[in-house]
Structures are given as C-alpha cells and as structure tokens.
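K.L.:
One structure is given below, represented as structure tokens, and several questions about it will come after.
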Number of protein chains: 2
Amino acid sequence: MADGTVSKVKDAPRNPVGREGVLDVAARLFREQGYGSVSLRKIADAAGIKAGSIYYHFGSKDEIVVAILDVGIQVVHEKMRQAVSALPEGTDAETILRAAIGTHLRALLDVSDYTSANVRIFGQVPQSVRDANLPTRRAYEAEWDALLSRLQERGALKPDVDIRRLRLMLIGALNATLDWFDPDRGSAEALSRTYADVFLNGILERQDS
Amino acid sequence: MADGTVSKVKDAPRNPVGREGVLDVAARLFREQGYGSVSLRKIADAAGIKAGSIYYHFGSKDEIVVAILDVGIQVVHEKMRQAVSALPEGTDAETILRAAIGTHLRALLDVSDYTSANVRIFGQVPQSVRDANLPTRRAYEAEWDALLSRLQERGALKPDVDIRRLRLMLIGALNATLDWFDPDRGSAEALSRTYADVFLNGILERQDS
DNA sequence: GTCTATACAGCGATAGAC
DNA sequence: GTCTATCGCTGTATAGAC
C-alpha cells in the first residue's frame, strides 16, 4: 500500500476481462447452450463487455470457437497422459484402463468447461472449424491407440478387436454421458467405475464357477 | 388411359411435394447438416418449392422439427419391439440383446433419416421442441428398461448394475456411432456384432481356462 | 481495452395473388 | 398447393471515439 504502485479501491470490479476472460465465459456458455444458441452478444453480456469489444481479442467468432476446441482436447490429453504415466511400471492392464477412463470422464464431467464444450459443440460447428481442430484431436486419439495397442500386444486385451474401432466405441460411450450425467444421481468418479466394469468384463452373468 | 381419369403427360415432374415430401427432405438435411445450418429456405430449395409454401403444411419451423423427432423414435421403437417379440419364447438373453442392439443400430445407420436426424439434432433444438419429443422418447426408453429388467430378473445379467444407467450407457454408445460410422469401413451389421461382443463379454482377455 | 454506432446478410414468418 | 413480396428481428462484423 505504501509502495509505488497505485491500489485502486473504488471501481474494483471493473478490471479488464481480456482474451482469457472471454474464452472462459464462452466455453461455459457453449457447454451449457450449444453452438447455435450462443451469439457474440451473449458472450459479451456474460463477460460484462460489449459485443464489438470482442474483436479486439479475436478476428472472428470462429477464431474463438477454434481456440476453445483446441484447449478442450489439450486439457484432457495432458491429464490422461499424466495419469497413465504416473502408474508404476508393470501395472496390470485393468488398473491402467481404469485410470485412463476415469481421467477422461472426470475432465469431461467435473473439471473442464473447455473439454465439455468441445464434446458438445464439435458436431455443430462449421466444417472449417472442425478441420482446424483435427490435428489436436488426432494427437489425443493417437495417445489412446498407443495405449490400447500396448495392452493388446501384451495379451491383456482380446486379440480380435480392431484398436481404432475399440477407441471410437470407448471414447464415444464416455462422451455420450455429457447428455444425461447428473451429479445428483452419483459422482463422475462412481460413473467411471461402472463404465470400466462394463467395458472390461461385460454385462452378462457368467455361469461358470 | 382410356378411362375417365385424365393422364397428364406433359409437366410430369411438377407433382406436388406435400407435407410428406417436405418432411422427408427436411429429415435428410437435418441428419446431414445439423439443426442450426438448415433454414426453411434450404428445405424449400431441396424440396423444389419456395420457402413461403412450407407454411401451407406447417405452422412453424418447430412444428416440422417436432414431427421429425417423433417419427424418428417411433420408427426405431417399432422395429426394436418387433425384432424382439419375433424371437421364440425361451430365447437366451444373449440372442435377445443382440437382436435389440442390431435393430437399433441398423435403424440409426442404415434405415431411417428420421432416426438419425433425431439423434443428431436433439441436443441442438430449442427446449420447447425437446419437451414435445419427450413422451415419445420415454416410451422407447421404457421398452428398453423392461427388456433389460426381464433379463436381469431371470439372472442373465449381473445383478448389481442399475438398469436405467445401463440403458443410458448402451443407447448412448450406440448413438455415438453416428459421428464416425463409415459404411466403407464395414457394415452396420458387422458393427452391431462388435458392440454386442464388447457389452456382453467385455474387452479383457480372460486368463482362466 | 472498451465504447458507440452502424452496415449488411440471413432468418422465420405473414399476406395476398394465382 | 404454390408463388411473390415483404416485414421485423438477430446475427456477425467494421469504423472511429475515448
């Protein structure tokens, strides 16, 4: 207080929103309402600025959307990689898969508006925006394919399942939870356990033993 | 030709499109492009009429969408019920589930623009439209819940899985195929077999035996 | 970095002729 | 049953002041 910097006490809530602030607000709105229902005016309103001001930070609406889509994948990719590589060498396949599934599902349902916005609106945005997000997606998909291939090669997964198809089924099933997940009915953590149970062992009661 | 009816030979391709024709065209466009990208002008163009003419058949755009959503569920519901009830009494649980899964997936990927449009755009339409479609959806969901409960009661399914959650997981996973299914990489029929394999028995290689 | 003001396109919807 | 013409609204985007 007694140093050289000026501490503004009044007008405190009027600090600049900035590029980050716009992105955070936009990601939340896209997650909640989808692509078509969220206009630049709505984003500006929620951020506490005027619509025209957005163009100081971004060249177009598409530029905002691409940024959000990329961050959404990067967040879940990074968390998934860390969760798996944090496991001790020689960890069994079941534990590895449960970690990967749990991390993806928590990023989607608990952690990141960017990841959930990506899953929610990817199918709604213009083709050019989807194309811009593709390299980032491919990298995350490759991470999953590498993980699943490793497990299949060491004999932990059934040998006849195509890895690409398995990854599409798994990620697709997890992402679909966004449409109906309700934290009041159970945590993302508990849900991820159920998904792992079903994918790993199936739903049929086995009559052997 | 020699009877009392007049057979117009000229102007043959100019027959009226009608309510059905508009719905068919709209369902195809919604399936292909999503809700936000399909305007009444696009629908009219594809149907070979002018935008204003649509209002002779429908009171609003929402009315078109609700009609398509309802038909989409009714088609897959009816086919699923028929496929299951066509099986002889005493059919084993695995066969029943494979029939239900296969029917749902074929309706979605092969048979009906209405069903695929429903899955594609349901999350994009206004709340009022979603609400209008809810009763129809509930009926289909109840059909699945009844089927799964029957199988669980007769001891064919693991006893600890919540039926509602299992249905959400199953239908969600199947519907997600719409985002990536490519007939050039394999038929819907083959895909449904893989889904049944995974859901029934899981992906882990079993070390017993 | 944000504001005001505005241009311009496309949307759903309506009215009346044929 | 379809056409033409048009209205009002909302969207993205731009220009220039502060």
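How things are named: the first chain in the structure tokens is A, the next is B, and so on; residues count from 1 in each chain; ligands count from 1 in the order shown.
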Using only C-alpha atoms (C1' of nucleotides), find the residues of chain A whose closest atom to chain C is at most 10 Å away, then write them as number ranges by chain.

P.N.:
A: 16-18, 49-54, 56-57

K.L.:
Kindly save the residues from that selection, with N, CA, C and O atoms included, as a PDB file, in the first residue's frame.

P.N.:
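Listed below is the output, selection-v3.pdb:
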```pdb
ATOM      1  N   PRO A  16     -10.181  -5.269 -16.522  1.00  0.00           N
ATOM      2  CA  PRO A  16     -10.393  -5.734 -17.889  1.00  0.00           C
ATOM      3  C   PRO A  16     -10.614  -7.235 -17.937  1.00  0.00           C
ATOM      4  O   PRO A  16     -10.049  -8.002 -17.152  1.00  0.00           O
ATOM      5  N   VAL A  17     -11.428  -7.626 -18.863  1.00  0.00           N
ATOM      6  CA  VAL A  17     -11.770  -9.043 -18.987  1.00  0.00           C
ATOM      7  C   VAL A  17     -10.667  -9.782 -19.730  1.00  0.00           C
ATOM      8  O   VAL A  17     -10.225 -10.848 -19.308  1.00  0.00           O
ATOM      9  N   GLY A  18     -10.270  -9.221 -20.843  1.00  0.00           N
ATOM     10  CA  GLY A  18      -9.158  -9.812 -21.582  1.00  0.00           C
ATOM     11  C   GLY A  18      -9.545 -11.044 -22.372  1.00  0.00           C
ATOM     12  O   GLY A  18     -10.663 -11.560 -22.264  1.00  0.00           O
ATOM     13  N   ILE A  49     -18.881  -7.037 -21.066  1.00  0.00           N
ATOM     14  CA  ILE A  49     -18.405  -6.054 -22.045  1.00  0.00           C
ATOM     15  C   ILE A  49     -19.408  -5.954 -23.204  1.00  0.00           C
ATOM     16  O   ILE A  49     -20.454  -6.604 -23.164  1.00  0.00           O
ATOM     17  N   LYS A  50     -19.081  -5.155 -24.201  1.00  0.00           N
ATOM     18  CA  LYS A  50     -19.970  -5.006 -25.346  1.00  0.00           C
ATOM     19  C   LYS A  50     -19.488  -5.871 -26.513  1.00  0.00           C
ATOM     20  O   LYS A  50     -18.284  -6.167 -26.628  1.00  0.00           O
ATOM     21  N   ALA A  51     -20.413  -6.240 -27.370  1.00  0.00           N
ATOM     22  CA  ALA A  51     -20.103  -7.208 -28.419  1.00  0.00           C
ATOM     23  C   ALA A  51     -18.934  -6.763 -29.295  1.00  0.00           C
ATOM     24  O   ALA A  51     -18.043  -7.559 -29.612  1.00  0.00           O
ATOM     25  N   GLY A  52     -18.912  -5.517 -29.687  1.00  0.00           N
ATOM     26  CA  GLY A  52     -17.849  -5.038 -30.562  1.00  0.00           C
ATOM     27  C   GLY A  52     -16.469  -5.192 -29.955  1.00  0.00           C
ATOM     28  O   GLY A  52     -15.481  -5.378 -30.684  1.00  0.00           O
ATOM     29  N   SER A  53     -16.397  -5.120 -28.634  1.00  0.00           N
ATOM     30  CA  SER A  53     -15.094  -5.187 -27.959  1.00  0.00           C
ATOM     31  C   SER A  53     -14.406  -6.534 -28.144  1.00  0.00           C
ATOM     32  O   SER A  53     -13.181  -6.638 -28.032  1.00  0.00           O
ATOM     33  N   ILE A  54     -15.185  -7.557 -28.435  1.00  0.00           N
ATOM     34  CA  ILE A  54     -14.607  -8.889 -28.609  1.00  0.00           C
ATOM     35  C   ILE A  54     -13.601  -8.901 -29.753  1.00  0.00           C
ATOM     36  O   ILE A  54     -12.609  -9.633 -29.717  1.00  0.00           O
ATOM     37  N   TYR A  56     -11.411  -6.906 -30.474  1.00  0.00           N
ATOM     38  CA  TYR A  56     -10.051  -6.501 -30.112  1.00  0.00           C
ATOM     39  C   TYR A  56      -9.195  -7.738 -29.859  1.00  0.00           C
ATOM     40  O   TYR A  56      -8.006  -7.759 -30.138  1.00  0.00           O
ATOM     41  N   HIS A  57      -9.839  -8.799 -29.338  1.00  0.00           N
ATOM     42  CA  HIS A  57      -9.097 -10.013 -28.968  1.00  0.00           C
ATOM     43  C   HIS A  57      -9.129 -11.083 -30.061  1.00  0.00           C
ATOM     44  O   HIS A  57      -8.207 -11.883 -30.173  1.00  0.00           O
TER      45      HIS A  57
END
```

K.L.:
Return as an NGL selection string the residues belonging to chain A that are within 12 Å of chain D, counting only C-alpha atoms (C1' of nucleotides).

P.N.:
:A and (36-42 or 51-56 or 58-62)

K.L.:
Output C-alpha atoms of each residue in that selection to a file, as a PDB file, in the first residue's frame.

P.N.:
```
ATOM      1  CA  GLY A  36     -26.132 -22.199 -32.325  1.00  0.00           C
ATOM      2  CA  SER A  37     -27.694 -20.581 -29.276  1.00  0.00           C
ATOM      3  CA  VAL A  38     -24.611 -18.641 -28.222  1.00  0.00           C
ATOM      4  CA  SER A  39     -24.115 -15.342 -30.043  1.00  0.00           C
ATOM      5  CA  LEU A  40     -21.268 -12.882 -29.630  1.00  0.00           C
ATOM      6  CA  ARG A  41     -23.759 -10.590 -27.921  1.00  0.00           C
ATOM      7  CA  LYS A  42     -24.483 -13.270 -25.320  1.00  0.00           C
ATOM      8  CA  ALA A  51     -20.103  -7.208 -28.419  1.00  0.00           C
ATOM      9  CA  GLY A  52     -17.849  -5.038 -30.562  1.00  0.00           C
ATOM     10  CA  SER A  53     -15.094  -5.187 -27.959  1.00  0.00           C
ATOM     11  CA  ILE A  54     -14.607  -8.889 -28.609  1.00  0.00           C
ATOM     12  CA  TYR A  55     -12.981  -8.056 -31.934  1.00  0.00           C
ATOM     13  CA  TYR A  56     -10.051  -6.501 -30.112  1.00  0.00           C
ATOM     14  CA  PHE A  58     -10.367 -12.185 -31.826  1.00  0.00           C
ATOM     15  CA  GLY A  59     -10.749 -11.764 -35.553  1.00  0.00           C
ATOM     16  CA  SER A  60     -13.984 -13.695 -35.795  1.00  0.00           C
ATOM     17  CA  LYS A  61     -16.397 -15.908 -33.895  1.00  0.00           C
ATOM     18  CA  ASP A  62     -14.800 -18.940 -35.490  1.00  0.00           C
TER      19      ASP A  62
END
```

K.L.:
Compile the residues of chain B that lie within 7 Å of chain A, evaluated using only C-alpha atoms, and express the compilation as number ranges by chain.

P.N.:
B: 34, 36, 124, 156-158, 169, 172-173, 176, 198-205

K.L.:
Extract the full set of helix (DSSP H, G or I) residues from stretch 26-114 of chain B according to DSSP on the backbone, and format it as a VMD selection string.

P.N.:
chain B and resid 26 to 33 40 to 47 51 to 57 61 to 85 93 to 111 113 to 114

K.L.:
Have a look at atom CA of A:Gly72 and atom CA of A:Leu108 and let me know their distance in Å, one decimal.

P.N.:
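Computed distance, atom CA of A:Gly72 to atom CA of A:Leu108, equals 9.0 Å.
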
K.L.:
Near B:Glu20, counting only C-alpha atoms (C1' of nucleotides), which residues have an atom at most 12 Å away, once you skip same-chain residues fewer than 6 positions from it, shown as a list in words?

P.N.:
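Using only C-alpha atoms (C1' of nucleotides), the neighbours found are Ala26, Ala27, Ala47, Ile54, His57, Phe58, Ile64, Ala67, Ile68 and Val71 of chain B.
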
K.L.:
With N, CA and C atoms kept, could you save the residues just selected as a compact mmCIF listing (two decimals), in the first residue's frame?

P.N.:
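To be explicit, this is the file written out as result39.txt:
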```txt
# COMPACT_ATOMS: atom_id res chain seq x y z
N ALA B 26 -36.51 -32.55 -45.24
CA ALA B 26 -36.01 -31.88 -44.03
C ALA B 26 -35.25 -32.87 -43.15
N ALA B 27 -35.79 -34.07 -43.01
CA ALA B 27 -35.11 -35.07 -42.18
C ALA B 27 -33.73 -35.36 -42.73
N ALA B 47 -36.59 -29.26 -51.69
CA ALA B 47 -37.87 -29.89 -52.00
C ALA B 47 -38.44 -29.39 -53.33
N ILE B 54 -44.05 -23.57 -47.49
CA ILE B 54 -43.98 -24.53 -46.39
C ILE B 54 -45.07 -24.27 -45.37
N HIS B 57 -48.28 -26.23 -45.07
CA HIS B 57 -48.29 -27.54 -44.42
C HIS B 57 -47.99 -27.47 -42.92
N PHE B 58 -47.20 -26.50 -42.54
CA PHE B 58 -46.76 -26.42 -41.13
C PHE B 58 -46.91 -24.99 -40.60
N ILE B 64 -42.21 -28.62 -37.79
CA ILE B 64 -41.51 -29.58 -38.66
C ILE B 64 -40.56 -30.44 -37.84
N ALA B 67 -42.20 -32.98 -35.56
CA ALA B 67 -42.73 -34.13 -36.33
C ALA B 67 -41.61 -35.10 -36.68
N ILE B 68 -40.47 -34.57 -37.11
CA ILE B 68 -39.34 -35.42 -37.48
C ILE B 68 -38.79 -36.17 -36.27
N VAL B 71 -41.27 -39.06 -35.29
CA VAL B 71 -41.20 -40.20 -36.23
C VAL B 71 -39.90 -40.97 -36.05
```

K.L.:
Determine, counting only C-alpha atoms (C1' of nucleotides), which protein, DNA and RNA residues have an atom within 12 Å of an atom of A:Trp144; residues of the same chain fewer than 6 positions away are not included. Present the result as a ChimeraX atom specification.

P.N.:
/A:76-78,80-81,84,96-97,100-101,104,137-138,150-151,163-171

K.L.:
Go ahead and save the picked residues with C-alpha atoms, as a CSV table (one decimal), in the first residue's frame.

P.N.:
```csv
chain,number,residue,atom,x,y,z
A,76,VAL,CA,-8.0,-34.0,-21.3
A,77,HIS,CA,-5.0,-35.2,-23.3
A,78,GLU,CA,-2.5,-33.9,-20.8
A,80,MET,CA,-4.8,-38.6,-19.3
A,81,ARG,CA,-1.1,-38.9,-20.3
A,84,VAL,CA,-1.2,-43.2,-17.0
A,96,ILE,CA,-4.2,-48.7,-16.5
A,97,LEU,CA,-7.5,-48.7,-18.3
A,100,ALA,CA,-7.5,-43.6,-18.4
A,101,ILE,CA,-11.3,-44.0,-18.4
A,104,HIS,CA,-11.3,-38.8,-19.4
A,137,ARG,CA,-7.9,-34.4,-31.9
A,138,ARG,CA,-5.7,-36.8,-33.9
A,150,ARG,CA,0.3,-51.8,-25.9
A,151,LEU,CA,-2.2,-53.6,-23.8
A,163,ILE,CA,-7.9,-50.9,-32.0
A,164,ARG,CA,-9.3,-47.9,-33.9
A,165,ARG,CA,-12.8,-49.2,-33.6
A,166,LEU,CA,-12.4,-50.0,-29.9
A,167,ARG,CA,-11.1,-46.5,-29.2
A,168,LEU,CA,-14.1,-45.0,-31.1
A,169,MET,CA,-16.5,-47.1,-29.1
A,170,LEU,CA,-14.9,-46.3,-25.8
A,171,ILE,CA,-14.5,-42.5,-26.3
```
